[in-house]
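Heads up, the thing below is written out as structure tokens.
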Amino acid sequence: MVAETILPPGPMLTFPNLRHHQIAYVTTDMDEALKRIDDAFGLNQFFFIDTQAQPTHEGQAALKIALVRTAATELEIIQPLGYNDAVWSDPLPKDGNFAMQFHHLAATVHGTMEDFERYRATWDTEKHPIVVDGSAGDDARWFYTDERATLGHFFEHCWFSPKLTAMMEAAVPTQTV
């Protein structure tokens, strides 16, 4: 008889090798948001991703993303572009006025993709509904849970391959002031 590994109920955010890595905001206007961040905090070097121009999977939301690392944390600014982006666009005003709002925290499971899959299996999706589920080949997995009722925001759960981690560490500027 083969012993079956049984995970304890609900370790979730106490999962081994889980590390906070990101604070994210959504905005109606990327240029204005980055100007305000530069004016307020002197952060002016970003790595940009346009998922509309380079989607990683079918049905991916169209988002303009800016990333910078500061104070040992990645800051992410996201502008929804109008396709499959309700999780990011719904909190924003629809009247055309500028807005930038806190959106989510992100944590990464350090280890293998199998470690991430074990972590994901710990989540009670009745209590923590998954609202986004994504991947980029064999290099990245992520899902968002809707924690607005408890925490007031979404939570992004990630895993990145060593190859992608090294690439992003080289690409995303680290800025100190």
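Note on naming: chains are A, B, ... as they come in the structure tokens, residues start from 1 per chain, ligands start from 1 in the order shown.
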May I have the residues within 9 Å of A:Leu75 as a JSON list (two decimals) with C-alpha atoms, in the first residue's frame, using only C-alpha atoms and disregarding those fewer than 2 positions away in the same chain?
```json
[["chain", "number", "residue", "atom", "x", "y", "z"],
["A", 21, "HIS", "CA", 6.87, 40.09, -3.53],
["A", 22, "GLN", "CA", 4.53, 42.71, -4.94],
["A", 23, "ILE", "CA", 2.11, 45.57, -4.27],
["A", 24, "ALA", "CA", -0.13, 46.44, -7.23],
["A", 25, "TYR", "CA", -2.30, 49.38, -8.24],
["A", 66, "ALA", "CA", 4.76, 48.89, -15.38],
["A", 67, "LEU", "CA", 7.12, 47.28, -12.86],
["A", 68, "VAL", "CA", 9.86, 48.63, -10.61],
["A", 69, "ARG", "CA", 11.56, 47.12, -7.58],
["A", 70, "THR", "CA", 12.10, 49.33, -4.54],
["A", 73, "THR", "CA", 9.32, 44.85, -3.12],
["A", 77, "ILE", "CA", 0.97, 49.61, -11.96]]
```
Who sits within 8 Å of A:Gln79, only C-alpha atoms, same chain under 5 positions skipped, as a PyMOL selection string: chain A and resi 26-30+63-65+88-89
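Comparing the minimum interatomic distances between A:Gly137 and each of A:Met113, A:Leu43, A:Ala121, A:Ala149, counting only C-alpha atoms, we find that A:Met113 sits nearest.
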Just list as a PyMOL selection string whatever in stretch 2-96 of chain A DSSP marks as strand (DSSP E or B). chain A and resi 18-27+47-50+63-70+73-80
Generate the output file for the selected residues, N, CA, C and O atoms, as a tab-separated table (two decimals), in the first residue's frame.
```
chain	number	residue	atom	x	y	z
A	18	LEU	N	6.53	30.43	0.71
A	18	LEU	CA	5.69	31.50	0.16
A	18	LEU	C	6.27	32.83	0.62
A	18	LEU	O	6.51	33.02	1.81
A	19	ARG	N	6.53	33.73	-0.33
A	19	ARG	CA	7.13	35.03	0.00
A	19	ARG	C	6.35	36.15	-0.68
A	19	ARG	O	6.06	36.08	-1.87
A	20	HIS	N	6.05	37.19	0.10
A	20	HIS	CA	5.42	38.39	-0.47
A	20	HIS	C	6.42	39.00	-1.44
A	20	HIS	O	7.62	39.06	-1.17
A	21	HIS	N	5.93	39.46	-2.61
A	21	HIS	CA	6.87	40.09	-3.53
A	21	HIS	C	6.33	41.34	-4.22
A	21	HIS	O	7.11	42.07	-4.81
A	22	GLN	N	5.04	41.63	-4.11
A	22	GLN	CA	4.53	42.71	-4.94
A	22	GLN	C	3.33	43.42	-4.30
A	22	GLN	O	2.51	42.81	-3.63
A	23	ILE	N	3.27	44.72	-4.58
A	23	ILE	CA	2.11	45.57	-4.27
A	23	ILE	C	1.66	46.14	-5.61
A	23	ILE	O	2.48	46.67	-6.37
A	24	ALA	N	0.36	46.04	-5.90
A	24	ALA	CA	-0.13	46.44	-7.23
A	24	ALA	C	-1.27	47.44	-7.13
A	24	ALA	O	-2.13	47.36	-6.24
A	25	TYR	N	-1.27	48.35	-8.10
A	25	TYR	CA	-2.30	49.38	-8.24
A	25	TYR	C	-2.87	49.31	-9.64
A	25	TYR	O	-2.18	48.92	-10.58
A	26	VAL	N	-4.12	49.70	-9.78
A	26	VAL	CA	-4.74	49.83	-11.10
A	26	VAL	C	-4.96	51.32	-11.37
A	26	VAL	O	-5.14	52.11	-10.44
A	27	THR	N	-4.94	51.66	-12.64
A	27	THR	CA	-5.09	53.07	-13.02
A	27	THR	C	-5.87	53.19	-14.32
A	27	THR	O	-5.92	52.27	-15.12
A	47	PHE	N	9.97	48.73	-16.04
A	47	PHE	CA	9.94	47.70	-17.08
A	47	PHE	C	8.48	47.58	-17.50
A	47	PHE	O	7.59	47.49	-16.64
A	48	PHE	N	8.22	47.59	-18.81
A	48	PHE	CA	6.85	47.60	-19.30
A	48	PHE	C	6.49	46.29	-19.98
A	48	PHE	O	7.31	45.70	-20.69
A	49	ILE	N	5.26	45.88	-19.76
A	49	ILE	CA	4.68	44.70	-20.40
A	49	ILE	C	3.34	45.12	-20.98
A	49	ILE	O	2.55	45.81	-20.31
A	50	ASP	N	3.08	44.73	-22.20
A	50	ASP	CA	1.78	44.97	-22.84
A	50	ASP	C	1.20	43.62	-23.22
A	50	ASP	O	1.61	43.01	-24.21
A	63	LEU	N	-3.76	44.20	-20.76
A	63	LEU	CA	-3.28	45.08	-19.69
A	63	LEU	C	-1.96	45.72	-20.10
A	63	LEU	O	-1.12	45.08	-20.72
A	64	LYS	N	-1.80	46.97	-19.70
A	64	LYS	CA	-0.51	47.64	-19.79
A	64	LYS	C	0.06	47.62	-18.37
A	64	LYS	O	-0.63	48.04	-17.42
A	65	ILE	N	1.28	47.11	-18.21
A	65	ILE	CA	1.86	46.91	-16.88
A	65	ILE	C	3.21	47.62	-16.80
A	65	ILE	O	4.01	47.54	-17.74
A	66	ALA	N	3.46	48.28	-15.67
A	66	ALA	CA	4.76	48.89	-15.38
A	66	ALA	C	5.26	48.31	-14.06
A	66	ALA	O	4.51	48.24	-13.09
A	67	LEU	N	6.54	47.90	-14.05
A	67	LEU	CA	7.12	47.28	-12.86
A	67	LEU	C	8.41	47.98	-12.47
A	67	LEU	O	9.23	48.33	-13.33
A	68	VAL	N	8.60	48.15	-11.16
A	68	VAL	CA	9.86	48.63	-10.61
A	68	VAL	C	10.04	47.95	-9.26
A	68	VAL	O	9.05	47.63	-8.58
A	69	ARG	N	11.28	47.72	-8.88
A	69	ARG	CA	11.56	47.12	-7.58
A	69	ARG	C	12.16	48.21	-6.69
A	69	ARG	O	13.12	48.88	-7.07
A	70	THR	N	11.59	48.38	-5.51
A	70	THR	CA	12.10	49.33	-4.54
A	70	THR	C	11.77	48.81	-3.15
A	70	THR	O	10.75	48.14	-2.96
A	73	THR	N	10.66	45.25	-2.68
A	73	THR	CA	9.32	44.85	-3.12
A	73	THR	C	9.10	45.36	-4.53
A	73	THR	O	9.53	46.45	-4.89
A	74	GLU	N	8.38	44.56	-5.32
A	74	GLU	CA	8.02	44.99	-6.66
A	74	GLU	C	6.75	45.83	-6.59
A	74	GLU	O	5.78	45.43	-5.95
A	75	LEU	N	6.78	46.97	-7.25
A	75	LEU	CA	5.61	47.83	-7.39
A	75	LEU	C	5.09	47.63	-8.80
A	75	LEU	O	5.84	47.74	-9.77
A	76	GLU	N	3.80	47.31	-8.91
A	76	GLU	CA	3.18	47.06	-10.21
A	76	GLU	C	2.05	48.06	-10.41
A	76	GLU	O	1.20	48.23	-9.54
A	77	ILE	N	2.06	48.72	-11.57
A	77	ILE	CA	0.97	49.61	-11.96
A	77	ILE	C	0.33	48.97	-13.19
A	77	ILE	O	1.02	48.62	-14.15
A	78	ILE	N	-1.00	48.84	-13.18
A	78	ILE	CA	-1.73	48.15	-14.24
A	78	ILE	C	-2.81	49.06	-14.81
A	78	ILE	O	-3.62	49.61	-14.06
A	79	GLN	N	-2.80	49.21	-16.12
A	79	GLN	CA	-3.89	49.90	-16.80
A	79	GLN	C	-4.66	48.89	-17.65
A	79	GLN	O	-4.11	48.33	-18.60
A	80	PRO	N	-5.93	48.64	-17.32
A	80	PRO	CA	-6.75	47.75	-18.14
A	80	PRO	C	-7.00	48.39	-19.51
A	80	PRO	O	-7.18	49.61	-19.61
```
If we count only C-alpha atoms, what is near A:Glu147 at a cut-off of 9 Å, once residues fewer than 5 positions away on the same chain are taken out, given as a ChimeraX atom specification? /A:127-129,152-155
Just write the chosen residues, N, CA, C and O atoms, as a PDB file, in the first residue's frame.
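Full text of out.pdb as output:
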```
ATOM      1  N   LYS A 127     -14.464  29.660  -0.036  1.00  0.00           N
ATOM      2  CA  LYS A 127     -14.179  30.836   0.790  1.00  0.00           C
ATOM      3  C   LYS A 127     -13.324  31.864   0.050  1.00  0.00           C
ATOM      4  O   LYS A 127     -13.373  33.051   0.351  1.00  0.00           O
ATOM      5  N   HIS A 128     -12.520  31.380  -0.877  1.00  0.00           N
ATOM      6  CA  HIS A 128     -11.554  32.227  -1.586  1.00  0.00           C
ATOM      7  C   HIS A 128     -11.716  31.984  -3.087  1.00  0.00           C
ATOM      8  O   HIS A 128     -10.907  31.270  -3.698  1.00  0.00           O
ATOM      9  N   PRO A 129     -12.729  32.588  -3.699  1.00  0.00           N
ATOM     10  CA  PRO A 129     -12.995  32.315  -5.115  1.00  0.00           C
ATOM     11  C   PRO A 129     -11.836  32.735  -6.019  1.00  0.00           C
ATOM     12  O   PRO A 129     -11.268  33.811  -5.872  1.00  0.00           O
ATOM     13  N   GLY A 152     -10.314  43.385   1.711  1.00  0.00           N
ATOM     14  CA  GLY A 152     -10.565  44.610   0.956  1.00  0.00           C
ATOM     15  C   GLY A 152      -9.865  44.673  -0.377  1.00  0.00           C
ATOM     16  O   GLY A 152      -9.865  45.720  -1.023  1.00  0.00           O
ATOM     17  N   HIS A 153      -9.241  43.567  -0.800  1.00  0.00           N
ATOM     18  CA  HIS A 153      -8.517  43.569  -2.074  1.00  0.00           C
ATOM     19  C   HIS A 153      -8.371  42.144  -2.602  1.00  0.00           C
ATOM     20  O   HIS A 153      -8.684  41.171  -1.924  1.00  0.00           O
ATOM     21  N   PHE A 154      -7.842  42.056  -3.819  1.00  0.00           N
ATOM     22  CA  PHE A 154      -7.525  40.764  -4.414  1.00  0.00           C
ATOM     23  C   PHE A 154      -6.156  40.304  -3.903  1.00  0.00           C
ATOM     24  O   PHE A 154      -5.393  41.092  -3.352  1.00  0.00           O
ATOM     25  N   PHE A 155      -5.856  39.027  -4.129  1.00  0.00           N
ATOM     26  CA  PHE A 155      -4.551  38.477  -3.776  1.00  0.00           C
ATOM     27  C   PHE A 155      -4.078  37.632  -4.952  1.00  0.00           C
ATOM     28  O   PHE A 155      -4.814  36.782  -5.444  1.00  0.00           O
TER      29      PHE A 155
END
```
Show me, as a list in words, the residues that have an atom within 12 Å of A:Arg141 when counting only C-alpha atoms, minus same-chain residues fewer than 5 positions from it.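 Non-adjacent residues within range: Thr56, His57, Ala107, Thr108, Val109, His110, Thr112, Met113, Glu114, Asp115, Phe116, Glu117, Tyr119, Arg120, Val132, Asp133, Gly134, Ser135, Ala136, Glu156, His157, Cys158, Trp159, Phe160, Ser161 and Leu164 of chain A.
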